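What follows is structure_22.cif (mmCIF, C-alpha atoms).
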```
data_structure
loop_
_atom_site.group_PDB
_atom_site.id
_atom_site.type_symbol
_atom_site.label_atom_id
_atom_site.label_comp_id
_atom_site.auth_asym_id
_atom_site.auth_seq_id
_atom_site.Cartn_x
_atom_site.Cartn_y
_atom_site.Cartn_z
ATOM 1 C CA MET S 1362 -79.895 19.483 7.604
ATOM 2 C CA TYR S 1363 -78.971 18.833 11.204
ATOM 3 C CA GLU S 1364 -75.576 18.506 12.774
ATOM 4 C CA VAL S 1365 -75.587 15.541 15.144
ATOM 5 C CA ASN S 1366 -73.679 15.630 18.427
ATOM 6 C CA ARG S 1367 -71.626 12.585 17.505
ATOM 7 C CA SER S 1368 -68.588 11.748 15.454
ATOM 8 C CA ILE S 1369 -68.019 8.605 13.418
ATOM 9 C CA ALA S 1370 -65.366 5.945 13.754
ATOM 10 C CA ILE S 1371 -64.993 3.400 10.978
ATOM 11 C CA LEU S 1372 -63.183 0.139 11.648
ATOM 12 C CA LYS S 1373 -61.406 -0.996 8.517
ATOM 13 C CA PRO S 1374 -60.138 -4.579 8.550
ATOM 14 C CA ARG S 1375 -56.496 -5.184 7.780
ATOM 15 C CA GLN S 1376 -54.861 -8.238 6.184
ATOM 16 C CA PRO S 1377 -54.586 -10.283 9.431
ATOM 17 C CA PHE S 1378 -58.385 -10.075 9.826
ATOM 18 C CA LEU S 1379 -58.873 -11.362 6.285
ATOM 19 C CA ASP S 1380 -56.337 -14.125 6.926
ATOM 20 C CA TRP S 1381 -58.342 -15.160 10.010
ATOM 21 C CA LEU S 1382 -61.578 -15.152 7.995
ATOM 22 C CA LYS S 1383 -60.049 -17.397 5.378
ATOM 23 C CA SER S 1384 -58.817 -19.793 8.062
ATOM 24 C CA LEU S 1385 -62.328 -20.393 9.422
ATOM 25 C CA PRO S 1386 -64.069 -23.670 8.664
ATOM 26 C CA GLY S 1387 -67.114 -23.414 6.472
ATOM 27 C CA GLY S 1388 -65.794 -22.239 3.166
ATOM 28 C CA LEU S 1389 -65.385 -18.478 3.095
ATOM 29 C CA ASP S 1390 -65.081 -17.342 -0.498
ATOM 30 C CA GLU S 1391 -61.366 -17.638 -1.260
ATOM 31 C CA GLN S 1392 -61.773 -14.856 -3.814
ATOM 32 C CA LEU S 1393 -62.603 -12.294 -1.124
ATOM 33 C CA GLU S 1394 -59.991 -9.562 -1.199
ATOM 34 C CA LEU S 1395 -59.060 -6.945 1.348
ATOM 35 C CA VAL S 1396 -60.273 -4.082 -0.840
ATOM 36 C CA GLN S 1397 -63.769 -5.631 -0.840
ATOM 37 C CA LEU S 1398 -63.708 -6.219 2.900
ATOM 38 C CA ARG S 1399 -62.658 -2.608 3.564
ATOM 39 C CA GLY S 1400 -65.249 -1.205 1.158
ATOM 40 C CA ASP S 1401 -68.299 -1.585 3.413
ATOM 41 C CA CYS S 1402 -67.322 -1.382 7.077
ATOM 42 C CA ASN S 1403 -69.115 -0.793 10.340
ATOM 43 C CA ALA S 1404 -69.518 2.896 11.101
ATOM 44 C CA LEU S 1405 -69.737 3.674 14.800
ATOM 45 C CA LEU S 1406 -71.277 6.735 16.394
ATOM 46 C CA ILE S 1407 -68.946 7.968 19.109
ATOM 47 C CA PRO S 1408 -68.938 11.080 21.300
ATOM 48 C CA ALA S 1409 -68.368 14.310 19.401
ATOM 49 C CA ALA S 1410 -64.636 14.544 18.821
ATOM 50 C CA ASP S 1411 -62.729 17.680 19.645
ATOM 51 C CA ASP S 1412 -59.637 16.150 18.092
ATOM 52 C CA TYR S 1413 -58.593 12.993 16.300
ATOM 53 C CA ASP S 1414 -56.500 11.607 19.167
ATOM 54 C CA SER S 1415 -59.316 11.767 21.723
ATOM 55 C CA ALA S 1416 -61.725 10.072 19.314
ATOM 56 C CA GLU S 1417 -59.216 7.345 18.528
ATOM 57 C CA ASP S 1418 -58.560 6.911 22.267
ATOM 58 C CA PHE S 1419 -62.297 6.421 22.841
ATOM 59 C CA VAL S 1420 -62.391 3.634 20.253
ATOM 60 C CA ARG S 1421 -59.261 1.982 21.607
ATOM 61 C CA GLN S 1422 -60.651 2.102 25.192
ATOM 62 C CA HIS S 1423 -63.565 0.000 23.955
ATOM 63 C CA TYR S 1424 -61.532 -2.312 21.767
ATOM 64 C CA HIS S 1425 -62.792 -5.508 23.429
ATOM 65 C CA SER S 1426 -66.485 -4.900 22.773
ATOM 66 C CA LEU S 1427 -65.795 -3.646 19.264
ATOM 67 C CA PHE S 1428 -63.434 -6.510 18.463
ATOM 68 C CA SER S 1429 -66.010 -9.022 19.736
ATOM 69 C CA ALA S 1430 -68.758 -7.483 17.614
ATOM 70 C CA GLU S 1431 -66.576 -7.556 14.490
ATOM 71 C CA LEU S 1432 -65.652 -11.210 14.993
ATOM 72 C CA ALA S 1433 -69.224 -12.205 15.860
ATOM 73 C CA ASP S 1434 -70.397 -10.752 12.535
ATOM 74 C CA TRP S 1435 -68.449 -13.555 10.845
ATOM 75 C CA CYS S 1436 -68.153 -16.348 13.412
ATOM 76 C CA ASP S 1437 -70.249 -16.819 16.527
ATOM 77 C CA ASP S 1438 -68.132 -19.729 17.782
ATOM 78 C CA GLU S 1439 -65.708 -18.024 20.147
ATOM 79 C CA SER S 1440 -63.455 -21.080 20.168
ATOM 80 C CA PHE S 1441 -62.208 -19.883 16.763
ATOM 81 C CA TRP S 1442 -61.483 -16.383 18.029
ATOM 82 C CA PRO S 1443 -57.978 -15.273 18.913
ATOM 83 C CA GLU S 1444 -57.198 -13.753 22.297
ATOM 84 C CA LEU S 1445 -58.618 -10.228 22.103
ATOM 85 C CA THR S 1446 -55.862 -7.807 23.059
ATOM 86 C CA PRO S 1447 -55.353 -4.109 22.339
ATOM 87 C CA VAL S 1448 -52.251 -4.930 20.305
ATOM 88 C CA LEU S 1449 -54.132 -7.454 18.154
ATOM 89 C CA PHE S 1450 -56.989 -4.974 17.656
ATOM 90 C CA THR S 1451 -54.473 -2.461 16.280
ATOM 91 C CA GLU S 1452 -52.944 -5.127 14.036
ATOM 92 C CA TRP S 1453 -56.328 -6.238 12.682
ATOM 93 C CA PHE S 1454 -58.107 -2.878 12.235
ATOM 94 C CA ASP S 1455 -57.408 0.636 11.060
ATOM 95 C CA VAL S 1456 -59.518 3.260 12.791
ATOM 96 C CA GLU S 1457 -60.801 6.099 10.630
ATOM 97 C CA ILE S 1458 -62.368 9.104 12.391
ATOM 98 C CA HIS S 1459 -64.839 11.601 10.930
ATOM 99 C CA SER S 1460 -65.528 14.409 13.354
ATOM 100 C CA VAL S 1461 -68.696 15.934 11.874
ATOM 101 C CA LEU S 1462 -71.932 14.041 11.301
ATOM 102 C CA THR S 1463 -74.722 15.760 9.398
ATOM 103 C CA ASP S 1464 -78.207 14.261 9.244
ATOM 104 C CA LEU S 1465 -79.936 14.960 5.915
ATOM 105 C CA VAL S 1466 -83.097 13.014 6.783
ATOM 106 C CA GLU S 1467 -86.205 14.628 8.271
ATOM 107 C CA GLN S 1468 -87.375 11.565 10.236
ATOM 108 C CA PRO S 1469 -85.970 11.200 13.762
ATOM 109 C CA LEU S 1470 -83.204 8.718 14.374
ATOM 110 C CA GLU S 1471 -84.296 5.281 15.537
ATOM 111 C CA ARG S 1472 -82.219 2.991 17.694
ATOM 112 C CA GLU S 1473 -82.331 -0.782 17.852
ATOM 113 C CA ALA S 1474 -80.151 -2.910 20.097
ATOM 114 C CA PHE S 1475 -77.554 -4.748 18.027
ATOM 115 C CA ILE S 1476 -75.836 -6.841 20.684
ATOM 116 C CA PRO S 1477 -75.367 -6.058 24.346
ATOM 117 C CA LEU S 1478 -72.181 -4.040 24.412
ATOM 118 C CA ASP S 1479 -70.830 -2.887 27.723
ATOM 119 C CA LEU S 1480 -68.799 0.088 26.574
ATOM 120 C CA ASP S 1481 -67.500 0.600 30.091
ATOM 121 C CA GLN S 1482 -65.801 -2.802 30.022
ATOM 122 C CA ASN S 1483 -62.508 -3.379 28.209
#
```
Any chance you could give the structure as structure tokens?
Amino acid sequence: MYEVNRSIAILKPRQPFLDWLKSLPGGLDEQLELVQLRGDCNALLIPAADDYDSAEDFVRQHYHSLFSAELADWCDDESFWPELTPVLFTEWFDVEIHSVLTDLVEQPLEREAFIPLDLDQN
């Protein structure tokens, strides 16, 4: 086992996010419920957290890139996106922090670019 020099932030959608999904054209399954949506969420590696507040602050500083990535997972047409603000991010997502990450796999970590995220830009 190896302790990794990162912490984990999990973005858990809230009801307004589900409401937005259901408002999109294209027939999202009307049976989708919040409990299902929150059951398998994006886990984000963030700098090792000394405390919960600093880890949460890190996520909130990068809300725009994270918000964009979450919306793009469901709808790539930005004309359907709301205005991305810090307040809306807080209304649409809970942030869950896990400070310790342990790697149980022998193979080295591999990285693959997901989308170009400029984490220095808000």
Of the residues S:Thr1463, S:Glu1452, S:Thr1446, S:Asp1412, which is the one nearest to Asp1380 in chain S, using only C-alpha atoms?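 Using only C-alpha atoms, the shortest distance to Asp1380 in chain S belongs to S:Glu1452.
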Using the chain letters and residue numbers of this document, give as a list in words the residues selected by the PyMOL selection byres ((chain S and resi 1400-1407) around 6).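 Evaluating the PyMOL selection byres ((chain S and resi 1400-1407) around 6) on these coordinates yields Arg1367, Ser1368, Ile1369, Ala1370, Ile1371, Gln1397, Leu1398, Arg1399 and Pro1408 of chain S.
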Go ahead and write the residues just picked, C-alpha atoms, as a PDB file, in the coordinates of the input.
```
ATOM      1  CA  ARG S1367     -71.626  12.585  17.505  1.00  0.00           C
ATOM      2  CA  SER S1368     -68.588  11.748  15.454  1.00  0.00           C
ATOM      3  CA  ILE S1369     -68.019   8.605  13.418  1.00  0.00           C
ATOM      4  CA  ALA S1370     -65.366   5.945  13.754  1.00  0.00           C
ATOM      5  CA  ILE S1371     -64.993   3.400  10.978  1.00  0.00           C
ATOM      6  CA  GLN S1397     -63.769  -5.631  -0.840  1.00  0.00           C
ATOM      7  CA  LEU S1398     -63.708  -6.219   2.900  1.00  0.00           C
ATOM      8  CA  ARG S1399     -62.658  -2.608   3.564  1.00  0.00           C
ATOM      9  CA  PRO S1408     -68.938  11.080  21.300  1.00  0.00           C
TER      10      PRO S1408
END
```
Please enumerate the residues selected by the PyMOL selection byres ((chain S and resi 1428) around 12) when evaluated against the supplied file, formatted as a PyMOL selection string. chain S and resi 1372-1374+1378+1403+1420-1427+1429-1435+1439+1442-1456+1478+1480+1483
Quick one: distance from CA of Arg1472 in chain S to CA of Ala1416 in chain S in Å, one decimal?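 CA of Arg1472 in chain S sits 21.7 Å away from CA of Ala1416 in chain S.
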Expressed in Å to a single decimal, how great is the separation between CA of Ser1460 in chain S and CA of Asn1366 in chain S? 9.7 Å
Counting all atoms listed in the file, which of S:Leu1465, S:His1459, S:Leu1470, S:Phe1441 gets nearest to Ser1384 in chain S?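 Among the listed residues, S:Phe1441 lies closest to Ser1384 in chain S.
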Mind pulling up the distance from CA of Asp1411 in chain S to CA of Gln1468 in chain S?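 Going from CA of Gln1468 in chain S over to CA of Asp1411 in chain S covers 27.1 Å.
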Reconstruct N, CA and C atoms of range 1366-1393 of chain S; output as a tab-separated table (two decimals), in the frame of the given file.
```tsv
chain	number	residue	atom	x	y	z
S	1366	ASN	N	-74.72	15.52	17.40
S	1366	ASN	CA	-73.68	15.63	18.43
S	1366	ASN	C	-72.92	14.32	18.61
S	1367	ARG	N	-72.44	13.80	17.52
S	1367	ARG	CA	-71.63	12.58	17.50
S	1367	ARG	C	-70.57	12.75	16.43
S	1368	SER	N	-69.55	11.92	16.53
S	1368	SER	CA	-68.59	11.75	15.45
S	1368	SER	C	-68.71	10.31	14.99
S	1369	ILE	N	-67.96	9.96	13.96
S	1369	ILE	CA	-68.02	8.60	13.42
S	1369	ILE	C	-66.63	7.99	13.44
S	1370	ALA	N	-66.58	6.75	13.87
S	1370	ALA	CA	-65.37	5.94	13.75
S	1370	ALA	C	-65.70	4.78	12.83
S	1371	ILE	N	-64.81	4.53	11.89
S	1371	ILE	CA	-64.99	3.40	10.98
S	1371	ILE	C	-63.84	2.44	11.21
S	1372	LEU	N	-64.19	1.18	11.48
S	1372	LEU	CA	-63.18	0.14	11.65
S	1372	LEU	C	-62.96	-0.53	10.31
S	1373	LYS	N	-61.75	-0.41	9.81
S	1373	LYS	CA	-61.41	-1.00	8.52
S	1373	LYS	C	-60.49	-2.19	8.74
S	1374	PRO	N	-60.96	-3.38	8.36
S	1374	PRO	CA	-60.14	-4.58	8.55
S	1374	PRO	C	-58.82	-4.48	7.80
S	1375	ARG	N	-57.81	-5.08	8.40
S	1375	ARG	CA	-56.50	-5.18	7.78
S	1375	ARG	C	-56.27	-6.64	7.37
S	1376	GLN	N	-55.15	-6.90	6.72
S	1376	GLN	CA	-54.86	-8.24	6.18
S	1376	GLN	C	-54.95	-9.36	7.23
S	1377	PRO	N	-54.46	-9.17	8.46
S	1377	PRO	CA	-54.59	-10.28	9.43
S	1377	PRO	C	-56.04	-10.69	9.70
S	1378	PHE	N	-56.97	-9.74	9.66
S	1378	PHE	CA	-58.38	-10.07	9.83
S	1378	PHE	C	-58.86	-10.94	8.66
S	1379	LEU	N	-58.50	-10.57	7.45
S	1379	LEU	CA	-58.87	-11.36	6.28
S	1379	LEU	C	-58.25	-12.75	6.36
S	1380	ASP	N	-56.99	-12.82	6.78
S	1380	ASP	CA	-56.34	-14.12	6.93
S	1380	ASP	C	-57.10	-15.00	7.91
S	1381	TRP	N	-57.56	-14.42	9.02
S	1381	TRP	CA	-58.34	-15.16	10.01
S	1381	TRP	C	-59.65	-15.64	9.38
S	1382	LEU	N	-60.33	-14.76	8.64
S	1382	LEU	CA	-61.58	-15.15	8.00
S	1382	LEU	C	-61.38	-16.35	7.08
S	1383	LYS	N	-60.30	-16.32	6.32
S	1383	LYS	CA	-60.05	-17.40	5.38
S	1383	LYS	C	-59.64	-18.69	6.07
S	1384	SER	N	-59.21	-18.59	7.32
S	1384	SER	CA	-58.82	-19.79	8.06
S	1384	SER	C	-60.01	-20.48	8.73
S	1385	LEU	N	-61.15	-19.83	8.76
S	1385	LEU	CA	-62.33	-20.39	9.42
S	1385	LEU	C	-62.89	-21.57	8.64
S	1386	PRO	N	-63.40	-22.57	9.36
S	1386	PRO	CA	-64.07	-23.67	8.66
S	1386	PRO	C	-65.39	-23.17	8.08
S	1387	GLY	N	-65.81	-23.79	7.02
S	1387	GLY	CA	-67.11	-23.41	6.47
S	1387	GLY	C	-67.05	-22.76	5.12
S	1388	GLY	N	-65.89	-22.64	4.55
S	1388	GLY	CA	-65.79	-22.24	3.17
S	1388	GLY	C	-66.05	-20.78	2.85
S	1389	LEU	N	-65.33	-19.88	3.50
S	1389	LEU	CA	-65.39	-18.48	3.10
S	1389	LEU	C	-64.87	-18.38	1.66
S	1390	ASP	N	-65.49	-17.53	0.90
S	1390	ASP	CA	-65.08	-17.34	-0.50
S	1390	ASP	C	-63.60	-16.98	-0.57
S	1391	GLU	N	-62.82	-17.86	-1.14
S	1391	GLU	CA	-61.37	-17.64	-1.26
S	1391	GLU	C	-61.04	-16.44	-2.13
S	1392	GLN	N	-62.01	-16.00	-2.93
S	1392	GLN	CA	-61.77	-14.86	-3.81
S	1392	GLN	C	-61.93	-13.51	-3.10
S	1393	LEU	N	-62.43	-13.53	-1.87
S	1393	LEU	CA	-62.60	-12.29	-1.12
S	1393	LEU	C	-61.26	-11.60	-0.96
```
